[in-house]
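Shown here: start.txt, compact mmCIF, C-alpha atoms.
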```
# COMPACT_ATOMS: atom_id res chain seq x y z
CA MET B 1 122.30 125.86 93.34
CA LEU B 2 124.22 124.61 90.33
CA ASP B 3 121.83 121.73 89.66
CA GLU B 4 120.42 121.43 86.17
CA PRO B 5 116.60 121.37 86.02
CA ARG B 6 115.12 118.22 84.50
CA SER B 7 113.35 120.36 81.92
CA GLY B 8 116.72 121.86 81.00
CA ARG B 9 118.19 118.41 80.32
CA LEU B 10 115.16 117.44 78.24
CA THR B 11 115.39 120.69 76.27
CA ALA B 12 119.12 120.51 75.56
CA TRP B 13 119.39 116.81 74.73
CA GLY B 14 116.08 116.75 72.90
CA ASN B 15 117.42 119.51 70.66
CA ALA B 16 120.60 117.51 70.08
CA LEU B 17 118.47 114.54 69.05
CA PHE B 18 116.30 116.54 66.65
CA ALA B 19 119.47 118.01 65.12
CA GLY B 20 120.88 114.52 64.54
CA LEU B 21 123.85 115.23 66.80
CA ALA B 22 123.21 112.54 69.43
CA ALA B 23 121.91 108.97 69.39
CA PRO B 24 118.45 108.28 70.91
CA ASP B 25 119.74 105.95 73.63
CA ASP B 26 122.48 108.41 74.64
CA VAL B 27 119.94 111.22 74.76
CA ALA B 28 117.61 109.22 77.01
CA GLN B 29 120.49 108.40 79.35
CA GLN B 30 121.52 112.04 79.61
CA ILE B 31 117.96 113.18 80.35
CA VAL B 32 117.33 110.52 83.00
CA ALA B 33 120.73 111.22 84.65
CA THR B 34 120.54 109.94 88.25
CA ASP B 35 116.79 109.28 88.19
CA ALA B 36 115.50 105.73 87.84
CA LEU B 37 113.00 106.15 85.02
CA HIS B 38 111.39 108.80 82.80
CA ARG B 39 108.20 108.34 80.79
CA ILE B 40 106.02 110.65 78.67
CA ALA B 41 102.26 110.46 79.20
CA GLU B 42 99.29 111.74 77.17
CA LEU B 43 101.25 111.98 73.93
CA PRO B 44 99.05 112.34 70.83
CA GLY B 45 98.79 108.95 69.15
CA GLU B 46 99.78 106.93 72.24
CA ASP B 47 97.34 105.07 74.51
CA GLY B 48 99.52 105.25 77.63
CA PRO B 49 102.88 106.41 79.00
CA VAL B 50 105.90 105.61 76.82
CA GLY B 51 109.64 105.71 77.34
CA LEU B 52 111.78 108.69 76.39
CA THR B 53 113.18 107.18 73.21
CA LEU B 54 109.77 106.32 71.81
CA GLY B 55 108.25 109.56 73.11
CA LEU B 56 110.85 111.82 71.52
CA GLY B 57 110.51 109.85 68.30
CA ARG B 58 106.75 110.43 68.39
CA LEU B 59 107.29 114.16 68.87
CA ARG B 60 109.59 114.26 65.86
CA ALA B 61 106.97 112.38 63.80
CA LEU B 62 104.43 115.02 64.83
CA GLY B 63 106.65 117.70 63.31
CA VAL B 64 108.53 118.91 66.39
CA THR B 65 111.87 120.42 65.36
CA GLY B 66 113.07 121.89 68.67
CA LEU B 67 112.35 122.42 72.34
CA ARG B 68 112.22 125.49 74.58
CA LEU B 69 112.61 125.72 78.35
CA ALA B 70 110.28 127.57 80.74
CA LEU B 71 111.18 128.37 84.39
CA PRO B 72 108.09 130.17 85.77
CA VAL B 73 107.51 131.38 89.32
CA ALA B 74 104.54 133.17 90.84
CA GLY B 75 104.11 136.53 89.13
CA HIS B 76 106.62 135.71 86.39
CA PRO B 77 105.44 133.16 83.76
CA LEU B 78 108.91 132.99 82.21
CA GLY B 79 108.89 131.02 78.97
CA LEU B 80 105.18 130.14 79.00
CA SER B 81 102.61 130.85 76.30
CA GLY B 82 99.36 129.54 77.77
CA PRO B 83 96.68 128.33 78.06
CA PRO B 84 95.99 128.91 81.78
CA GLU B 85 95.60 125.18 82.51
CA PHE B 86 99.08 124.39 81.23
CA ASN B 87 100.58 127.47 82.85
CA ALA B 88 99.17 126.39 86.22
CA ARG B 89 100.78 122.95 85.95
CA ALA B 90 104.09 124.46 84.87
CA LEU B 91 104.00 127.00 87.69
CA ALA B 92 103.37 124.26 90.26
CA ALA B 93 106.37 122.32 88.93
CA GLY B 94 108.52 125.44 88.48
CA GLN B 95 109.54 124.28 85.02
CA ALA B 96 108.28 122.99 81.68
CA VAL B 97 109.32 122.26 78.10
CA LEU B 98 107.52 123.66 75.04
CA THR B 99 107.82 122.26 71.53
CA VAL B 100 108.76 124.16 68.39
CA GLY B 101 107.51 123.16 64.95
CA ASP B 102 104.24 121.78 63.63
CA ALA B 103 102.88 120.61 67.00
CA ALA B 104 102.18 123.07 69.84
CA LEU B 105 102.72 120.91 72.92
CA GLY B 106 104.14 121.32 76.39
CA LEU B 107 105.62 118.83 78.84
CA VAL B 108 105.58 119.21 82.62
CA PRO B 109 107.51 116.84 84.91
CA GLU B 110 105.76 115.04 87.76
CA VAL B 111 108.38 113.66 90.16
CA HIS B 112 107.63 110.59 92.28
CA GLU B 113 110.04 109.53 95.03
CA ALA B 114 110.10 106.33 97.08
CA GLY B 115 112.53 104.63 99.42
CA PRO B 116 114.48 105.52 102.57
CA ALA B 117 116.71 108.55 102.94
CA GLY B 118 119.96 108.02 101.09
CA ASP B 119 118.42 105.44 98.77
CA VAL B 120 115.58 107.33 97.13
CA HIS B 121 114.14 105.91 93.91
CA VAL B 122 112.99 108.71 91.58
CA GLU B 123 110.62 108.28 88.66
CA VAL B 124 109.47 111.14 86.43
CA VAL B 125 106.33 111.30 84.29
CA TRP B 126 106.26 114.08 81.70
CA ARG B 127 102.65 115.19 81.16
CA CYS B 128 102.13 116.27 77.55
CA LEU B 129 99.46 118.92 77.02
CA PRO B 130 98.46 121.32 74.23
CA VAL B 131 99.81 124.88 74.45
CA ARG B 132 99.23 128.08 72.55
CA ASP B 133 101.32 128.65 69.47
CA ALA B 134 102.58 132.03 70.67
CA PRO B 135 105.89 133.65 71.64
CA PRO B 136 107.09 132.60 75.13
CA ALA B 137 106.79 135.19 77.88
CA ASP B 138 109.75 137.43 78.78
CA VAL B 139 112.57 135.35 77.25
CA PRO B 140 115.55 137.52 76.28
CA SER B 141 117.95 136.86 73.45
CA LEU B 142 121.26 135.30 74.40
CA GLY B 143 123.04 138.61 73.86
CA GLU B 144 120.59 140.49 76.08
CA ALA B 145 120.89 137.85 78.78
CA GLU B 146 124.69 138.03 78.80
CA ARG B 147 124.65 141.81 79.20
CA GLU B 148 122.11 141.64 82.02
CA LEU B 149 124.11 138.96 83.81
CA ALA B 150 127.25 141.07 84.01
CA GLU B 151 125.44 143.62 86.16
CA ALA B 152 123.53 140.94 88.11
CA LEU B 153 126.75 139.17 89.05
CA ARG B 154 128.12 142.38 90.54
CA ASP B 155 124.94 142.86 92.56
CA ALA B 156 124.90 139.28 93.82
CA THR B 157 128.59 139.30 94.75
CA GLU B 158 128.16 142.60 96.59
CA ALA B 159 125.20 141.22 98.56
CA LEU B 160 127.14 138.10 99.46
CA ALA B 161 130.13 140.16 100.57
CA ARG B 162 127.91 141.99 103.06
CA LEU B 163 127.15 138.70 104.81
CA ASP B 164 129.20 137.84 107.85
CA VAL B 165 129.60 134.29 106.57
CA ALA B 166 132.41 133.39 108.91
CA GLY B 167 130.31 134.39 111.90
CA ALA B 168 127.04 132.97 110.64
CA GLY B 169 127.67 129.43 111.77
CA PRO B 170 128.38 126.15 110.01
CA ALA B 171 125.32 126.16 107.71
CA ALA B 172 126.23 129.34 105.83
CA GLN B 173 129.90 128.42 105.74
CA ALA B 174 129.09 124.97 104.34
CA ALA B 175 126.84 126.50 101.68
CA LEU B 176 129.57 128.87 100.55
CA GLU B 177 132.22 126.14 100.47
CA ALA B 178 129.93 123.81 98.53
CA TYR B 179 129.26 126.55 95.98
CA ARG B 180 132.98 127.24 95.54
CA ALA B 181 133.79 123.54 95.15
CA ARG B 182 131.09 122.92 92.56
CA ALA B 183 131.85 126.11 90.63
CA ALA B 184 135.52 125.10 90.44
CA ARG B 185 134.81 121.65 89.00
CA GLY B 186 134.63 121.26 85.26
CA ARG B 187 131.10 120.24 84.28
CA GLU B 188 129.54 119.40 80.96
CA VAL B 189 126.65 121.74 80.30
CA LEU B 190 124.03 121.83 77.57
CA ALA B 191 124.50 119.35 74.69
CA PRO B 192 126.04 119.04 71.22
CA GLY B 193 124.87 121.73 68.82
CA TYR B 194 124.83 124.63 71.29
CA PRO B 195 127.06 127.65 70.62
CA PRO B 196 129.91 128.30 73.09
CA ARG B 197 128.26 131.58 74.08
CA ALA B 198 125.21 129.68 75.37
CA VAL B 199 127.44 127.47 77.51
CA ARG B 200 129.18 130.55 78.92
CA VAL B 201 125.88 132.30 79.69
CA LEU B 202 124.40 129.22 81.38
CA GLU B 203 127.43 128.68 83.60
CA LEU B 204 127.39 132.32 84.67
CA ALA B 205 123.63 132.28 85.26
CA GLN B 206 123.91 129.21 87.47
CA ARG B 207 126.65 130.85 89.52
CA VAL B 208 124.66 134.05 89.94
CA ALA B 209 121.68 131.96 91.09
CA ALA B 210 123.95 130.15 93.58
CA LEU B 211 125.22 133.42 95.03
CA VAL B 212 121.66 134.70 95.36
CA GLU B 213 120.58 131.53 97.15
CA ILE B 214 123.40 131.84 99.67
CA ALA B 215 122.85 135.55 100.21
CA ALA B 216 119.08 135.14 100.62
CA ASP B 217 119.34 132.18 102.99
CA GLY B 218 118.55 134.26 106.04
CA GLN B 219 121.99 133.77 107.60
CA GLY B 220 124.95 136.05 108.18
CA ALA B 221 124.85 139.74 108.97
CA ALA B 222 121.05 140.19 108.75
CA VAL B 223 119.75 139.28 112.22
CA SER B 224 116.18 140.56 112.15
CA ALA B 225 113.16 139.53 110.12
CA SER B 226 112.94 143.00 108.58
CA GLN B 227 116.59 142.93 107.52
CA ILE B 228 116.15 139.49 105.98
CA ALA B 229 113.03 140.66 104.11
CA ALA B 230 114.85 143.76 102.83
CA ARG B 231 117.73 141.66 101.57
CA ALA B 232 115.34 139.27 99.81
CA GLU B 233 113.70 142.23 98.10
CA LEU B 234 117.09 143.52 96.96
CA LEU B 235 118.07 140.12 95.52
CA ARG B 236 114.76 139.38 93.78
CA PRO B 237 115.63 141.15 90.50
CA VAL B 238 119.04 139.45 90.48
CA GLU B 239 117.40 136.03 90.79
CA ARG B 240 114.97 136.97 88.03
CA THR B 241 117.84 137.93 85.74
CA ALA B 242 119.62 134.64 86.42
CA ARG B 243 116.48 132.64 85.59
CA ARG B 244 115.91 134.59 82.38
CA ALA B 245 119.50 133.96 81.36
CA GLN B 246 119.22 130.23 82.01
CA VAL B 247 116.14 130.05 79.80
CA ALA B 248 117.89 132.09 77.09
CA ALA B 249 120.86 129.71 77.17
CA TYR B 250 118.77 126.55 76.85
CA ASN B 251 116.68 128.17 74.12
CA ALA B 252 119.72 129.34 72.17
CA TYR B 253 119.54 126.30 69.87
CA VAL B 254 116.04 127.29 68.73
CA GLU B 255 117.00 130.98 68.56
CA GLU B 256 119.96 130.15 66.31
CA ALA B 257 117.88 127.84 64.10
CA GLU B 258 115.24 130.54 63.62
CA ARG B 259 117.94 133.09 62.78
CA ARG B 260 119.35 130.81 60.08
CA ARG B 261 115.90 130.32 58.53
CA SER B 262 115.11 134.06 58.41
```

With the file now loaded, output its structure as structure tokens.
Amino acid sequence: MLDEPRSGRLTAWGNALFAGLAAPDDVAQQIVATDALHRIAELPGEDGPVGLTLGLGRLRALGVTGLRLALPVAGHPLGLSGPPEFNARALAAGQAVLTVGDAALGLVPEVHEAGPAGDVHVEVVWRCLPVRDAPPADVPSLGEAERELAEALRDATEALARLDVAGAGPAAQAALEAYRARAARGREVLAPGYPPRAVRVLELAQRVAALVEIAADGQGAAVSASQIAARAELLRPVERTARRAQVAAYNAYVEEAERRRS
């Protein structure tokens, strides 16, 4: 619910690296987080997969000056620019990163897990593919996203309030308590170089998404399939707004850089 997508970490910390605000080794550590290993494959000029530090350095040498996040779902190619082959990979992963600058490239994570439950070893390969040099689909400005979120939060909170969480059993109660605990903890979001407004928008977007997930979980007051379907339909635009706001927050570094150049 409040988890940061891998593509979000790559976008934020990659931007910090390109801005000279974070050291390469620190950036790689932040991107990998709790995973075991990340590599970038199919990079122009490289014969095989390379580590994050070398890969990000190669992107900078190719003229990449920033990164954008995409969080597409079926029917909503949020943040994508094509071509269809890349869009299909990004849609299957539910996320991707697109470069800004002299090279039009996109990176899609492939996640490989091994090991027993409770001791899973996770490796990620970022597939690098050419993309169209075109504006990303349906990404709002940070200001637009913040305004939309205010209304979305009211809608999500109202939907959650209609749930009989206390009578829905331990699963719904545990989900709500976990959300409250994680929302109350101080967490570092984004990376150096991002404006405070982007941090605020991202935190709010993550919380709206968490409320939607709880409310749409099929538990609580809705007891029939038709009621559950109706509630999911009601919450769909709220979830869409939260995703758009997350993308706007991660892309705020590039938005601000473009504003300064214009």

- Message: For Pro77 of chain B, find every residue with an atom within 10 Å (counting all atoms listed in the file), except residues of its own chain fewer than 3 positions away, and show them as number ranges by chain.
- Response: B: 70-74, 80-82, 87-88, 90-91, 94-95, 136-139

- Item | Atomic distance atom CA of Leu129 of chain B - atom CA of Leu107 of chain B, expressed in Å with one decimal |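 Pair atom CA of Leu129 of chain B / atom CA of Leu107 of chain B returns 6.4 Å.
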
- Query: So which residues touch segment 24-30 of chain B within 10 Å, counting only C-alpha atoms, skipping near sequence neighbours fewer than 5 positions away, as a VMD selection string?
  - Reply: chain B and resid 9 to 10 12 to 18 35 37 to 38 51 to 54 56 to 57 191

Can you spit out the residues from that selection as a PDB file, in the frame of the given file, using C-alpha atoms?
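Heads up, here's the output in part29.pdb:
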```
ATOM      1  CA  ARG B   9     118.190 118.410  80.320  1.00  0.00           C
ATOM      2  CA  LEU B  10     115.160 117.440  78.240  1.00  0.00           C
ATOM      3  CA  ALA B  12     119.120 120.510  75.560  1.00  0.00           C
ATOM      4  CA  TRP B  13     119.390 116.810  74.730  1.00  0.00           C
ATOM      5  CA  GLY B  14     116.080 116.750  72.900  1.00  0.00           C
ATOM      6  CA  ASN B  15     117.420 119.510  70.660  1.00  0.00           C
ATOM      7  CA  ALA B  16     120.600 117.510  70.080  1.00  0.00           C
ATOM      8  CA  LEU B  17     118.470 114.540  69.050  1.00  0.00           C
ATOM      9  CA  PHE B  18     116.300 116.540  66.650  1.00  0.00           C
ATOM     10  CA  ASP B  35     116.790 109.280  88.190  1.00  0.00           C
ATOM     11  CA  LEU B  37     113.000 106.150  85.020  1.00  0.00           C
ATOM     12  CA  HIS B  38     111.390 108.800  82.800  1.00  0.00           C
ATOM     13  CA  GLY B  51     109.640 105.710  77.340  1.00  0.00           C
ATOM     14  CA  LEU B  52     111.780 108.690  76.390  1.00  0.00           C
ATOM     15  CA  THR B  53     113.180 107.180  73.210  1.00  0.00           C
ATOM     16  CA  LEU B  54     109.770 106.320  71.810  1.00  0.00           C
ATOM     17  CA  LEU B  56     110.850 111.820  71.520  1.00  0.00           C
ATOM     18  CA  GLY B  57     110.510 109.850  68.300  1.00  0.00           C
ATOM     19  CA  ALA B 191     124.500 119.350  74.690  1.00  0.00           C
TER      20      ALA B 191
END
```

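Among the candidate residues B:Arg6, B:His76, B:Arg207, B:Arg154, the one lying nearest to Val111 of chain B is B:Arg6, with distances computed using all atoms listed in the file.
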
- Query: Suppose you want the space between atom CA of Leu105 of chain B and atom CA of Tyr250 of chain B; what is it in Å?
  - Reply: 17.5 Å

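In this structure, atom CA of Glu233 of chain B sits 16.2 Å away from atom CA of Leu153 of chain B.
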
- With all atoms listed in the file as the basis for distance, which of B:Val238, B:Ala23, B:Val247, B:Val64 is at the shortest distance from Val201 of chain B? B:Val247

Listed atoms of segment 89-97 of chain B boxed along x, y and z, 6 Å each side, centre and edge lengths in Å, one decimal, as lines of an AutoDock Vina configuration file:
```
center_x = 105.2
center_y = 124.6
center_z = 84.2
size_x = 20.8
size_y = 16.7
size_z = 24.2
```

- Which one is closest to Gly66 of chain B: B:Ala209, B:Ala19, B:Ile31, B:Ala145? Count all atoms listed in the file. B:Ala19

- Among listed residues B:Arg200, B:Arg58, B:Arg236, B:His112, nearest Ala249 of chain B (using all atoms listed in the file): B:Arg200

- Item | Nearest to Leu21 of chain B by atom-to-atom distance, counting all atoms listed in the file, from B:Phe86, B:Val212, B:Pro192, B:Arg259 |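 For Leu21 of chain B, the nearest of the candidates is B:Pro192.
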
- Query: With distances taken over all atoms listed in the file, which of B:Pro130, B:Gly193, B:Gly79, B:Pro84 is nearest to Ala245 of chain B?
  - Reply: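 Smallest separation from Ala245 of chain B among the options: B:Gly79.
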